[in-house]
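See structure below.
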Amino acid sequence: YGNTTQASRTASLCPLVVEVCASGCDAASVSGALALVDDPPTVHSCVVIRDSGSYNEELTVNNTITNSSITIMGLPGQSPELTATNPSATVTIQSASTTLRNVKVAAVNSGVYGINISAPYVTIDDVEIVDASGFFTAALITAAAYAPKIKNSTLSTGGAASGINLSSADSFLIENTTIDTTNTNAMSVNLSSTGTIRGVTGVTTNVASLSIDSKGLHTITQSTFTAGTSGVAAVTMINVSSISINYSSLGGLTATNVDDLTMFYSTVTGLDMA
């Protein structure tokens with residue numbers, strides 16, 4: 001399934017498994033485990049973290065992916081922690097068809113991003129990103145990453161750290177995810193066409209929880225966005241070709257240069273269109 005939308009889906013069997021734990025496994029670090037995976041992998045490969053320990057390493061996934069895929073995962077109920085000291089990003093994903101599942105990404109000191117995605121068909125599933133002190137610029141960012149999926153995850157930041165920043169992320173999916181920030185956008189979408197936001201809760205204060213500045217076709221469904229401050233729209237949109245809002249609750253909406261806006265069974269507290 002390499003370089004396809006199926007590549008990052010859940011794999012019940014991994015032909016190649018490399019195990020990580022403090023001692024007694026194939027590797028004592030996630031980076032060390034990735035080094036044991038063929039480059040390029042010839043089969044779907046899984047790096048499995050077998051304990052709930054904290055792994056302090058600036059993790060970069062840059063294996064060459066052609067006709068295969070890689071999953072990095074913690075075991076159910078374990079949620080191992082990935083941290084790094086002064087990283088440009090705690091986790092950088094440069095390999096297509098990579099899945100990161102059931103881990104915690106935590107900020108321990110200054111860094112730019114929690115997760116930085118710059119490859120197509122990447123899935124972030126059941127991941128918790130925590131930055132209570134606002135060390136990060138953003139918890140998760142994409143750059144020229146086609147069809148990213150962020151699912152079943154929680155992002156919580158403080159200070160000036162924003163939540164999810166999507167840039168040039170065409171055909172994105174954000175699903176069943178909670179984003180809680182302070183004074184910054186919980187989620188921003190720029191230069192990213194054809195995206196779906198489903199089952200998302202975005203909470204912030206003083207600014208819009210969701211900001212979209214992107215031509216294309218977008219859908220918001222079964223989602224809730226709040227700004228937490230009176231007089232501040234929870235959602236702002238500008239230069240959007242078409243957007244559909246279904247079964248959602250928005251604490252205010254400001255739309256500028258939006259060609260086609262439809263709403264179905266949704267609640268909007270204050271609508272300003274220009």
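By convention in this document, the chains of the structure tokens carry letters A, B, ... by their order, each chain's residues are numbered from 1, and ligands are numbered from 1 in the order they are shown.
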
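The environment of range 147-155 of chain A within 8 Å, counting only C-alpha atoms and disregarding residues fewer than 3 places along the same chain, consists of A:Thr5, A:Pro120, A:Tyr121, A:Val122, A:Thr123, A:Ile124, A:Asp125, A:Asp126, A:Val127, A:Glu128, A:Ile129, A:Val130, A:Ala139, A:Gly163, A:Ala169, A:Asp170, A:Ser171, A:Phe172, A:Leu173, A:Ile174, A:Glu175, A:Asn176, A:Thr177, A:Thr178, A:Ile179, A:Asp180.
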
Saved selection, atoms kept: N, CA, C and O atoms, as an mmCIF file, in the first residue's frame:
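File produced: again35.cif:
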data_model
loop_
_atom_site.group_PDB
_atom_site.id
_atom_site.type_symbol
_atom_site.label_atom_id
_atom_site.label_comp_id
_atom_site.auth_asym_id
_atom_site.auth_seq_id
_atom_site.Cartn_x
_atom_site.Cartn_y
_atom_site.Cartn_z
ATOM 1 N N THR A 5 -3.660 5.946 -0.070
ATOM 2 C CA THR A 5 -4.470 6.277 1.091
ATOM 3 C C THR A 5 -4.653 5.076 2.003
ATOM 4 O O THR A 5 -4.991 5.219 3.165
ATOM 5 N N PRO A 120 3.419 12.543 2.356
ATOM 6 C CA PRO A 120 2.024 12.185 2.092
ATOM 7 C C PRO A 120 1.581 10.928 2.835
ATOM 8 O O PRO A 120 2.405 10.108 3.239
ATOM 9 N N TYR A 121 0.272 10.824 3.004
ATOM 10 C CA TYR A 121 -0.373 9.625 3.560
ATOM 11 C C TYR A 121 0.141 9.271 4.957
ATOM 12 O O TYR A 121 0.419 8.116 5.261
ATOM 13 N N VAL A 122 0.267 10.273 5.806
ATOM 14 C CA VAL A 122 0.677 10.047 7.199
ATOM 15 C C VAL A 122 -0.564 10.027 8.085
ATOM 16 O O VAL A 122 -1.472 10.850 7.922
ATOM 17 N N THR A 123 -0.590 9.081 9.014
ATOM 18 C CA THR A 123 -1.702 8.975 9.955
ATOM 19 C C THR A 123 -1.197 9.157 11.385
ATOM 20 O O THR A 123 -0.222 8.514 11.796
ATOM 21 N N ILE A 124 -1.859 10.035 12.137
ATOM 22 C CA ILE A 124 -1.620 10.198 13.569
ATOM 23 C C ILE A 124 -2.875 9.689 14.263
ATOM 24 O O ILE A 124 -3.958 10.252 14.080
ATOM 25 N N ASP A 125 -2.764 8.620 15.026
ATOM 26 C CA ASP A 125 -3.931 7.943 15.570
ATOM 27 C C ASP A 125 -3.739 7.655 17.058
ATOM 28 O O ASP A 125 -2.740 7.034 17.448
ATOM 29 N N ASP A 126 -4.679 8.108 17.870
ATOM 30 C CA ASP A 126 -4.635 7.860 19.313
ATOM 31 C C ASP A 126 -3.332 8.381 19.923
ATOM 32 O O ASP A 126 -2.630 7.682 20.655
ATOM 33 N N VAL A 127 -3.021 9.628 19.595
ATOM 34 C CA VAL A 127 -1.805 10.276 20.079
ATOM 35 C C VAL A 127 -2.189 11.454 20.960
ATOM 36 O O VAL A 127 -3.113 12.209 20.645
ATOM 37 N N GLU A 128 -1.492 11.608 22.068
ATOM 38 C CA GLU A 128 -1.691 12.749 22.964
ATOM 39 C C GLU A 128 -0.473 13.662 22.869
ATOM 40 O O GLU A 128 0.660 13.217 23.042
ATOM 41 N N ILE A 129 -0.722 14.938 22.562
ATOM 42 C CA ILE A 129 0.354 15.928 22.521
ATOM 43 C C ILE A 129 0.109 16.927 23.645
ATOM 44 O O ILE A 129 -0.943 17.578 23.689
ATOM 45 N N VAL A 130 1.069 17.058 24.542
ATOM 46 C CA VAL A 130 0.900 17.883 25.736
ATOM 47 C C VAL A 130 2.013 18.919 25.810
ATOM 48 O O VAL A 130 3.202 18.591 25.729
ATOM 49 N N ALA A 139 1.584 22.434 18.287
ATOM 50 C CA ALA A 139 1.640 21.035 18.685
ATOM 51 C C ALA A 139 1.856 20.132 17.484
ATOM 52 O O ALA A 139 2.619 19.167 17.540
ATOM 53 N N GLY A 163 -2.516 24.704 18.200
ATOM 54 C CA GLY A 163 -2.805 23.276 18.159
ATOM 55 C C GLY A 163 -2.355 22.633 16.861
ATOM 56 O O GLY A 163 -1.209 22.223 16.722
ATOM 57 N N ALA A 169 -1.945 20.943 2.853
ATOM 58 C CA ALA A 169 -2.310 19.582 3.265
ATOM 59 C C ALA A 169 -3.617 19.189 2.576
ATOM 60 O O ALA A 169 -4.658 19.029 3.223
ATOM 61 N N ASP A 170 -3.583 19.044 1.264
ATOM 62 C CA ASP A 170 -4.779 18.723 0.507
ATOM 63 C C ASP A 170 -5.352 17.367 0.930
ATOM 64 O O ASP A 170 -4.613 16.446 1.282
ATOM 65 N N SER A 171 -6.685 17.276 0.896
ATOM 66 C CA SER A 171 -7.393 16.038 1.235
ATOM 67 C C SER A 171 -7.122 15.593 2.673
ATOM 68 O O SER A 171 -6.983 14.400 2.959
ATOM 69 N N PHE A 172 -7.090 16.549 3.589
ATOM 70 C CA PHE A 172 -6.836 16.214 4.987
ATOM 71 C C PHE A 172 -8.097 15.690 5.675
ATOM 72 O O PHE A 172 -9.226 15.964 5.260
ATOM 73 N N LEU A 173 -7.901 14.935 6.755
ATOM 74 C CA LEU A 173 -8.982 14.464 7.609
ATOM 75 C C LEU A 173 -8.570 14.650 9.064
ATOM 76 O O LEU A 173 -7.539 14.123 9.494
ATOM 77 N N ILE A 174 -9.368 15.417 9.804
ATOM 78 C CA ILE A 174 -9.193 15.547 11.252
ATOM 79 C C ILE A 174 -10.455 14.958 11.871
ATOM 80 O O ILE A 174 -11.557 15.457 11.618
ATOM 81 N N GLU A 175 -10.315 13.930 12.701
ATOM 82 C CA GLU A 175 -11.487 13.168 13.127
ATOM 83 C C GLU A 175 -11.384 12.770 14.601
ATOM 84 O O GLU A 175 -10.330 12.333 15.064
ATOM 85 N N ASN A 176 -12.501 12.940 15.326
ATOM 86 C CA ASN A 176 -12.600 12.488 16.719
ATOM 87 C C ASN A 176 -11.399 12.951 17.549
ATOM 88 O O ASN A 176 -10.752 12.167 18.246
ATOM 89 N N THR A 177 -11.140 14.237 17.449
ATOM 90 C CA THR A 177 -9.952 14.806 18.097
ATOM 91 C C THR A 177 -10.347 16.041 18.898
ATOM 92 O O THR A 177 -11.197 16.823 18.482
ATOM 93 N N THR A 178 -9.703 16.215 20.061
ATOM 94 C CA THR A 178 -9.940 17.368 20.933
ATOM 95 C C THR A 178 -8.689 18.232 20.965
ATOM 96 O O THR A 178 -7.581 17.721 21.162
ATOM 97 N N ILE A 179 -8.889 19.546 20.774
ATOM 98 C CA ILE A 179 -7.775 20.489 20.741
ATOM 99 C C ILE A 179 -8.081 21.619 21.718
ATOM 100 O O ILE A 179 -9.087 22.312 21.578
ATOM 101 N N ASP A 180 -7.223 21.812 22.694
ATOM 102 C CA ASP A 180 -7.433 22.815 23.741
ATOM 103 C C ASP A 180 -6.205 23.715 23.811
ATOM 104 O O ASP A 180 -5.110 23.263 24.172
#

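For range 1-250 of chain A, backbone-based DSSP assignment of alpha helix (DSSP H) covers Val30, Ser31, Gly32, Ala33, Leu34 and Ala35 of chain A.
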
Find the residues around Ala234 in chain A up to 7 Å (only C-alpha atoms counted), leave out those fewer than 6 positions away in its own chain, and share them as a list in words.
Ala208, Ser209, Leu210, Phe225, Thr226, Ala227, Leu250, Gly251, Gly252 and Leu253 of chain A

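Separating CA of Gly111 in chain A from CA of Ile164 in chain A is a distance of 15.5 Å.
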
Shell around Ala274 in chain A at 10 Å using only C-alpha atoms, local window under 6 positions removed, as a ChimeraX atom specification:
/A:238,254-258

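Using only C-alpha atoms, the nearest neighbour of Ile243 in chain A within the list A:Gln222, A:Ser23, A:Ser214, A:Ser167 is A:Ser214.
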
Per DSSP on the backbone, what are the strand (DSSP E or B) residues of range 196-257 of chain A, as number ranges by chain?
A: 196-198, 201-203, 210-213, 217-221, 224-226, 235-246, 249-250, 253-257

Rounded to one decimal, what separation in Å do you get between CA of Ser241 in chain A and CA of Thr142 in chain A?
21.4 Å

Applying 9 Å and only C-alpha atoms, which residues near range 107-110 of chain A remain after dropping the ones on its own chain fewer than 4 positions away? List them as JSON, numbers by chain.
{"A": [82, 83, 84, 85, 86, 87, 88, 90, 114, 129, 130, 131, 132, 133, 134, 135, 136]}

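The neighbours of Thr71 in chain A here are the residues that come within 8 Å of it, using only C-alpha atoms and leaving out any residue fewer than 5 positions away in the same chain; they are A:Ser8, A:His44, A:Ser45, A:Cys46, A:Val47, A:Thr98, A:Thr99, A:Leu100, A:Arg101.
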
Have a look at A:Ala119, A:Leu16, A:Cys25, A:Ala161 and name the one nearest to Thr64 in chain A; count only C-alpha atoms.
A:Ala119

Which neighbours of Thr182 in chain A fall inside 6 Å, counting only C-alpha atoms, when residues of the same chain fewer than 6 positions from it are skipped, and could you give them as a PDB file with N, CA, C and O atoms, in the first residue's frame?
ATOM      1  N   GLY A 158      -0.451  25.327  26.224  1.00  0.00           N
ATOM      2  CA  GLY A 158      -0.584  26.560  26.985  1.00  0.00           C
ATOM      3  C   GLY A 158       0.233  27.648  26.326  1.00  0.00           C
ATOM      4  O   GLY A 158       0.819  27.460  25.256  1.00  0.00           O
ATOM      5  N   THR A 204     -10.483  27.480  22.728  1.00  0.00           N
ATOM      6  CA  THR A 204      -9.410  28.424  22.988  1.00  0.00           C
ATOM      7  C   THR A 204     -10.011  29.662  23.645  1.00  0.00           C
ATOM      8  O   THR A 204     -11.206  29.695  23.951  1.00  0.00           O
ATOM      9  N   THR A 205      -9.192  30.688  23.856  1.00  0.00           N
ATOM     10  CA  THR A 205      -9.677  31.948  24.419  1.00  0.00           C
ATOM     11  C   THR A 205      -9.136  33.103  23.587  1.00  0.00           C
ATOM     12  O   THR A 205      -8.040  33.042  23.032  1.00  0.00           O
TER      13      THR A 205
END
